[in-house]
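Containing mmCIF, C-alpha atoms: my_file-v4.cif.
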data_structure
#
loop_
_atom_site.label_atom_id
_atom_site.label_comp_id
_atom_site.auth_asym_id
_atom_site.auth_seq_id
_atom_site.Cartn_x
_atom_site.Cartn_y
_atom_site.Cartn_z
CA MET A 176 -53.00 111.14 89.00
CA SER A 177 -56.37 112.32 87.72
CA GLY A 178 -57.52 115.93 87.82
CA LYS A 179 -59.70 115.09 90.82
CA PRO A 180 -58.50 115.19 94.40
CA VAL A 181 -57.16 111.77 95.38
CA LEU A 182 -57.51 110.01 98.71
CA GLY A 183 -55.11 107.09 98.94
CA TYR A 184 -55.41 104.31 101.52
CA TRP A 185 -55.69 100.56 101.91
CA ASP A 186 -58.84 98.85 100.67
CA LEU A 187 -60.49 98.92 104.10
CA ARG A 188 -61.92 101.42 106.56
CA GLY A 189 -59.10 101.97 109.03
CA LEU A 190 -57.97 105.58 109.40
CA ALA A 191 -59.45 106.76 106.11
CA GLU A 192 -63.18 106.15 106.57
CA PRO A 193 -63.91 109.37 108.49
CA ILE A 194 -62.22 111.24 105.65
CA ARG A 195 -64.34 109.40 103.08
CA TYR A 196 -67.47 110.27 105.05
CA LEU A 197 -66.51 113.94 105.16
CA LEU A 198 -65.72 114.05 101.43
CA HIS A 199 -69.01 112.41 100.50
CA TYR A 200 -70.93 114.65 102.88
CA SER A 201 -69.26 117.68 101.28
CA ALA A 202 -70.09 116.42 97.75
CA VAL A 203 -66.42 116.38 96.72
CA ASP A 204 -65.80 114.53 93.46
CA PHE A 205 -62.66 112.63 94.43
CA ALA A 206 -60.76 109.52 93.40
CA ASP A 207 -60.83 106.89 96.15
CA LYS A 208 -57.48 105.18 95.50
CA ARG A 209 -57.41 101.86 97.34
CA TYR A 210 -54.34 99.65 97.70
CA VAL A 211 -54.68 95.94 98.35
CA PHE A 212 -52.46 93.96 100.69
CA THR A 213 -51.81 91.33 98.04
CA ASP A 214 -49.97 93.98 96.01
CA VAL A 215 -48.23 96.18 98.56
CA ASP A 216 -45.55 97.10 96.01
CA ALA A 217 -48.13 99.28 94.24
CA TRP A 218 -47.82 101.53 97.28
CA LYS A 219 -44.36 100.88 98.68
CA SER A 220 -42.30 100.68 95.50
CA VAL A 221 -44.32 102.76 93.04
CA ASP A 222 -46.45 105.49 94.61
CA LYS A 223 -44.77 106.05 97.98
CA PRO A 224 -41.49 107.35 96.53
CA SER A 225 -43.02 109.16 93.56
CA LEU A 226 -45.99 111.22 94.76
CA GLY A 227 -43.98 114.09 96.23
CA LEU A 228 -45.31 113.64 99.77
CA ASP A 229 -43.27 115.31 102.52
CA PHE A 230 -43.91 112.41 104.88
CA PRO A 231 -45.00 109.50 102.68
CA ASN A 232 -47.67 107.45 104.39
CA LEU A 233 -51.23 106.20 104.11
CA PRO A 234 -53.69 107.80 104.04
CA TYR A 235 -52.65 110.63 101.75
CA TYR A 236 -54.71 113.38 100.15
CA ILE A 237 -53.62 115.16 96.99
CA ASP A 238 -55.49 118.11 95.51
CA GLY A 239 -53.33 120.02 93.03
CA ASP A 240 -50.36 121.41 94.91
CA THR A 241 -51.82 120.38 98.27
CA LYS A 242 -50.28 117.07 99.30
CA LEU A 243 -51.03 115.86 102.81
CA THR A 244 -50.55 112.78 104.95
CA GLN A 245 -51.58 112.01 108.55
CA SER A 246 -55.27 111.21 108.88
CA LEU A 247 -56.12 113.94 111.39
CA THR A 248 -54.25 116.57 109.38
CA ILE A 249 -56.30 115.62 106.31
CA LEU A 250 -59.55 115.57 108.28
CA ARG A 251 -58.92 118.99 109.84
CA TYR A 252 -57.83 120.52 106.52
CA LEU A 253 -60.97 119.31 104.77
CA ALA A 254 -63.14 120.40 107.69
CA ARG A 255 -61.84 123.97 107.46
CA LYS A 256 -62.24 123.96 103.69
CA HIS A 257 -65.83 122.70 103.75
CA GLY A 258 -67.22 124.50 106.79
CA LEU A 259 -67.09 121.51 109.13
CA ALA A 260 -64.89 123.04 111.82
CA ALA A 261 -65.85 125.16 114.81
CA ARG A 262 -66.16 128.86 114.00
CA ASP A 263 -65.64 130.43 117.41
CA GLU A 264 -63.13 129.93 120.21
CA PRO A 265 -65.43 128.22 122.75
CA ARG A 266 -66.51 125.65 120.16
CA GLN A 267 -62.92 125.24 118.95
CA ALA A 268 -61.86 124.33 122.48
CA ARG A 269 -64.76 121.89 122.78
CA GLN A 270 -63.89 120.44 119.38
CA GLU A 271 -60.27 119.82 120.36
CA LEU A 272 -61.32 118.37 123.71
CA VAL A 273 -63.76 115.86 122.28
CA GLU A 274 -61.38 114.99 119.42
CA GLN A 275 -58.75 113.91 121.94
CA GLN A 276 -61.31 112.00 124.01
CA VAL A 277 -62.49 110.09 120.92
CA LEU A 278 -58.87 109.27 120.16
CA ASP A 279 -58.49 107.92 123.70
CA VAL A 280 -61.51 105.66 123.13
CA ARG A 281 -60.00 104.51 119.85
CA GLN A 282 -56.61 103.86 121.40
CA GLY A 283 -58.16 101.88 124.25
CA PHE A 284 -59.78 99.60 121.70
CA VAL A 285 -56.58 99.26 119.68
CA THR A 286 -54.45 98.49 122.72
CA ASN A 287 -56.80 96.10 124.49
CA ILE A 288 -58.38 94.33 121.53
CA LEU A 289 -56.79 94.87 118.13
CA MET A 290 -53.20 94.36 119.20
CA ASN A 291 -54.01 91.55 121.62
CA LYS A 292 -53.99 88.04 120.13
CA ASP A 293 -55.72 86.77 123.25
CA TYR A 294 -58.31 89.56 123.24
CA GLU A 295 -61.27 87.29 124.03
CA SER A 296 -59.81 86.58 127.47
CA LYS A 297 -59.46 90.34 128.05
CA ARG A 298 -62.86 91.33 126.66
CA ALA A 299 -64.77 91.45 129.95
CA ASP A 300 -62.08 93.49 131.72
CA TYR A 301 -61.83 95.89 128.78
CA LEU A 302 -65.57 96.44 128.65
CA ALA A 303 -65.99 96.96 132.39
CA ALA A 304 -62.82 98.84 133.25
CA THR A 305 -62.13 100.85 130.09
CA LEU A 306 -64.93 101.08 127.54
CA GLU A 307 -68.00 101.52 129.71
CA PRO A 308 -66.46 104.34 131.82
CA GLN A 309 -65.47 106.07 128.57
CA LEU A 310 -68.99 105.69 127.18
CA ASP A 311 -70.51 106.96 130.44
CA LEU A 312 -68.46 110.14 130.11
CA LEU A 313 -69.31 110.53 126.44
CA VAL A 314 -73.04 110.19 127.11
CA LYS A 315 -72.84 112.73 129.94
CA TYR A 316 -70.93 115.12 127.69
CA LEU A 317 -73.27 114.70 124.71
CA GLY A 318 -76.38 115.24 126.81
CA ASP A 319 -79.10 116.67 124.62
CA LYS A 320 -76.68 118.13 122.06
CA GLN A 321 -77.35 117.17 118.47
CA TRP A 322 -73.65 116.93 117.61
CA LEU A 323 -70.48 116.82 119.65
CA ILE A 324 -69.80 120.55 119.63
CA GLY A 325 -73.47 121.53 119.87
CA GLY A 326 -75.81 122.22 116.98
CA GLN A 327 -73.08 122.28 114.34
CA LEU A 328 -71.84 119.13 112.63
CA SER A 329 -68.03 119.08 112.69
CA TYR A 330 -65.20 116.77 111.71
CA VAL A 331 -65.12 115.22 115.18
CA ASP A 332 -68.55 113.73 114.47
CA PHE A 333 -67.16 111.90 111.43
CA LEU A 334 -64.31 110.61 113.58
CA ALA A 335 -66.55 109.66 116.51
CA TYR A 336 -69.17 107.96 114.36
CA ASP A 337 -66.63 105.63 112.81
CA VAL A 338 -65.06 104.62 116.14
CA LEU A 339 -68.48 104.08 117.74
CA ASP A 340 -69.53 101.98 114.75
CA TRP A 341 -66.45 99.77 115.28
CA LEU A 342 -67.53 99.31 118.88
CA LYS A 343 -71.15 98.62 117.93
CA ARG A 344 -69.97 95.83 115.66
CA PHE A 345 -67.56 94.47 118.28
CA THR A 346 -69.88 94.61 121.27
CA PRO A 347 -73.46 95.43 120.23
CA ASP A 348 -74.82 94.57 123.68
CA THR A 349 -72.60 97.20 125.30
CA ILE A 350 -73.47 99.95 122.83
CA GLY A 351 -77.12 98.91 123.09
CA LYS A 352 -77.13 99.98 126.75
CA TYR A 353 -76.62 103.60 125.72
CA GLN A 354 -79.71 105.08 124.12
CA THR A 355 -77.99 108.43 123.64
CA ILE A 356 -75.22 106.84 121.61
CA GLY A 357 -77.68 104.81 119.56
CA GLN A 358 -79.64 107.95 118.73
CA TYR A 359 -76.43 109.78 117.83
CA LEU A 360 -75.40 106.99 115.43
CA ASP A 361 -78.88 106.96 113.88
CA ARG A 362 -78.75 110.74 113.40
CA PHE A 363 -75.44 110.55 111.59
CA GLU A 364 -76.57 107.68 109.36
CA ALA A 365 -79.75 109.60 108.49
CA LEU A 366 -77.81 112.47 106.92
CA PRO A 367 -78.78 112.17 103.23
CA ALA A 368 -75.23 112.17 101.88
CA ILE A 369 -74.10 109.60 104.46
CA LYS A 370 -77.11 107.39 103.80
CA ALA A 371 -76.43 107.52 100.05
CA TYR A 372 -72.75 106.68 100.51
CA GLN A 373 -73.43 103.78 102.86
CA LYS A 374 -75.89 102.31 100.36
CA SER A 375 -73.51 102.72 97.43
CA PRO A 376 -70.98 100.19 96.06
CA GLN A 377 -68.22 102.59 97.08
CA HIS A 378 -68.85 101.94 100.76
CA LYS A 379 -67.25 98.86 102.29
CA ALA A 380 -68.30 98.28 105.87
CA TRP A 381 -65.86 95.37 106.21
CA PRO A 382 -62.97 94.79 106.67
CA ILE A 383 -62.18 97.54 109.11
CA PHE A 384 -58.50 96.88 109.80
CA GLY A 385 -55.33 95.50 108.27
CA PRO A 386 -54.16 91.89 108.53
CA ARG A 387 -52.27 92.38 111.81
CA ALA A 388 -55.42 93.17 113.76
CA SER A 389 -56.94 90.45 115.93
CA TRP A 390 -60.50 91.45 115.03
CA GLY A 391 -62.13 93.03 112.00
CA ALA A 392 -59.11 92.29 109.83
CA VAL A 393 -58.74 91.90 106.09
CA GLN A 394 -58.35 88.26 105.11
CA MET A 395 -55.13 87.39 103.32
#
Here is a file; write its structure as structure tokens.
Amino acid sequence: MSGKPVLGYWDLRGLAEPIRYLLHYSAVDFADKRYVFTDVDAWKSVDKPSLGLDFPNLPYYIDGDTKLTQSLTILRYLARKHGLAARDEPRQARQELVEQQVLDVRQGFVTNILMNKDYESKRADYLAATLEPQLDLLVKYLGDKQWLIGGQLSYVDFLAYDVLDWLKRFTPDTIGKYQTIGQYLDRFEALPAIKAYQKSPQHKAWPIFGPRASWGAVQM
């Protein structure tokens, strides 16, 4: 391992991209360790048993003696460290609320689309019965707030942006109906550090998911 903090994950977006966004936004000089599916032994047989992780998994984050897995644990840890977490109890409650709602949106997409080999036949039902009601609630909640907990950017915005970007790529017509969401995505992408990262060779917009996914998957 180098002297830099190391984020380890597959060579795709998946669960690690919100963490990458947060690290770039916070100007952390880190090693973006990416494993490829054509050489899974580099993770499973070499690094997984040897890195000293309590619960070996991907993604992992190692910074000196700090060794973490679980994507949300890493995201929350880095948010506290870099001032991207709510600072008072009312905002903390709002932060936890919207975090869980974003995870519900993500899980709805995973369940109905990514894990469904026949997802095209389910697309219309998913959009009408699941996604659009979730987006209606999100738009109502966001209102005229700049970010999801108010005027302060927090880790839930990094999480929400990535999920909403998945959805924009999957169903641009649906996301296009929601001006509030479009403006929110534009605001996030306009942050100078995010804009620089997305224009850099380090950023890979595609693939989003591993080879088991029915859409957005890495090609083997």
Practice item. Please determine the residues with any atom at most 10 Å from (-57.7, 100.5, 128.5) (coordinates as given in the file, with only C-alpha atoms counting) and report them as a list in words. Key: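 In the file's frame, the residues around the point are Asp279, Val280, Arg281, Gln282, Gly283, Phe284, Val285, Thr286, Asn287, Ile288, Asp300, Tyr301, Leu302, Ala303, Ala304, Thr305, Leu306 and Gln309 of chain A.
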Which residues, written as an mmCIF file with C-alpha atoms, in the frame of the given file, have at least one atom at most 6 Å from region 265-273 of chain A, with only C-alpha atoms counted and residues fewer than 3 positions away on the same chain left out?
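Written out: part23.cif:
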data_model
loop_
_atom_site.group_PDB
_atom_site.id
_atom_site.type_symbol
_atom_site.label_atom_id
_atom_site.label_comp_id
_atom_site.auth_asym_id
_atom_site.auth_seq_id
_atom_site.Cartn_x
_atom_site.Cartn_y
_atom_site.Cartn_z
ATOM 1 C CA ALA A 261 -65.850 125.160 114.810
ATOM 2 C CA GLN A 276 -61.310 112.000 124.010
ATOM 3 C CA ILE A 324 -69.800 120.550 119.630
#
Practice item. Give as number ranges by chain the residues that the PyMOL selection byres ((chain A and resi 191) around 10) matches when applied to the coordinates above. Key: A: 182-190, 192-196, 233-235, 245-247, 249-250, 334, 337
**Study point:** Distance query Gln321 (chain A) at most 12 Å, all atoms listed in the file, self and fewer than 2 positions along chain excluded, as number ranges by chain
**Key:** A: 314, 316-319, 323-329, 332, 355-356, 358-363
Could those residues be written to a file, using C-alpha atoms, as a PDB file, in the coordinates of the input?
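Contents of result.pdb, freshly written:
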ATOM      1  CA  VAL A 314     -73.040 110.190 127.110  1.00  0.00           C
ATOM      2  CA  TYR A 316     -70.930 115.120 127.690  1.00  0.00           C
ATOM      3  CA  LEU A 317     -73.270 114.700 124.710  1.00  0.00           C
ATOM      4  CA  GLY A 318     -76.380 115.240 126.810  1.00  0.00           C
ATOM      5  CA  ASP A 319     -79.100 116.670 124.620  1.00  0.00           C
ATOM      6  CA  LEU A 323     -70.480 116.820 119.650  1.00  0.00           C
ATOM      7  CA  ILE A 324     -69.800 120.550 119.630  1.00  0.00           C
ATOM      8  CA  GLY A 325     -73.470 121.530 119.870  1.00  0.00           C
ATOM      9  CA  GLY A 326     -75.810 122.220 116.980  1.00  0.00           C
ATOM     10  CA  GLN A 327     -73.080 122.280 114.340  1.00  0.00           C
ATOM     11  CA  LEU A 328     -71.840 119.130 112.630  1.00  0.00           C
ATOM     12  CA  SER A 329     -68.030 119.080 112.690  1.00  0.00           C
ATOM     13  CA  ASP A 332     -68.550 113.730 114.470  1.00  0.00           C
ATOM     14  CA  THR A 355     -77.990 108.430 123.640  1.00  0.00           C
ATOM     15  CA  ILE A 356     -75.220 106.840 121.610  1.00  0.00           C
ATOM     16  CA  GLN A 358     -79.640 107.950 118.730  1.00  0.00           C
ATOM     17  CA  TYR A 359     -76.430 109.780 117.830  1.00  0.00           C
ATOM     18  CA  LEU A 360     -75.400 106.990 115.430  1.00  0.00           C
ATOM     19  CA  ASP A 361     -78.880 106.960 113.880  1.00  0.00           C
ATOM     20  CA  ARG A 362     -78.750 110.740 113.400  1.00  0.00           C
ATOM     21  CA  PHE A 363     -75.440 110.550 111.590  1.00  0.00           C
TER      22      PHE A 363
END
Evaluate the PyMOL selection byres ((chain A and resi 369) around 12) here and jot the selected residues down as a short mmCIF file (atom, residue, chain, number, x, y, z; two decimals) with C-alpha atoms, in the frame of the given file.
data_model
loop_
_atom_site.label_atom_id
_atom_site.label_comp_id
_atom_site.auth_asym_id
_atom_site.auth_seq_id
_atom_site.Cartn_x
_atom_site.Cartn_y
_atom_site.Cartn_z
CA GLU A 192 -63.18 106.15 106.57
CA PRO A 193 -63.91 109.37 108.49
CA ARG A 195 -64.34 109.40 103.08
CA TYR A 196 -67.47 110.27 105.05
CA LEU A 197 -66.51 113.94 105.16
CA LEU A 198 -65.72 114.05 101.43
CA HIS A 199 -69.01 112.41 100.50
CA TYR A 200 -70.93 114.65 102.88
CA SER A 201 -69.26 117.68 101.28
CA ALA A 202 -70.09 116.42 97.75
CA PHE A 333 -67.16 111.90 111.43
CA TYR A 336 -69.17 107.96 114.36
CA ASP A 337 -66.63 105.63 112.81
CA LEU A 360 -75.40 106.99 115.43
CA ASP A 361 -78.88 106.96 113.88
CA ARG A 362 -78.75 110.74 113.40
CA PHE A 363 -75.44 110.55 111.59
CA GLU A 364 -76.57 107.68 109.36
CA ALA A 365 -79.75 109.60 108.49
CA LEU A 366 -77.81 112.47 106.92
CA PRO A 367 -78.78 112.17 103.23
CA ALA A 368 -75.23 112.17 101.88
CA LYS A 370 -77.11 107.39 103.80
CA ALA A 371 -76.43 107.52 100.05
CA TYR A 372 -72.75 106.68 100.51
CA GLN A 373 -73.43 103.78 102.86
CA LYS A 374 -75.89 102.31 100.36
CA SER A 375 -73.51 102.72 97.43
CA GLN A 377 -68.22 102.59 97.08
CA HIS A 378 -68.85 101.94 100.76
#
Practice item. May I ask for the distance between CA of Val393 (chain A) and CA of Phe212 (chain A), given in Å to one decimal place? Key: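 Pair CA of Val393 (chain A) / CA of Phe212 (chain A) returns 8.5 Å.
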Output, as AutoDock Vina command-line options, the centre and edge lengths in Å (one decimal) of the axis-aligned box that contains all listed atoms of region 234-252 of chain A with 5 Å of margin on each side.
--center_x -54.9 --center_y 114.6 --center_z 102.2 --size_x 19.3 --size_y 23.6 --size_z 28.4
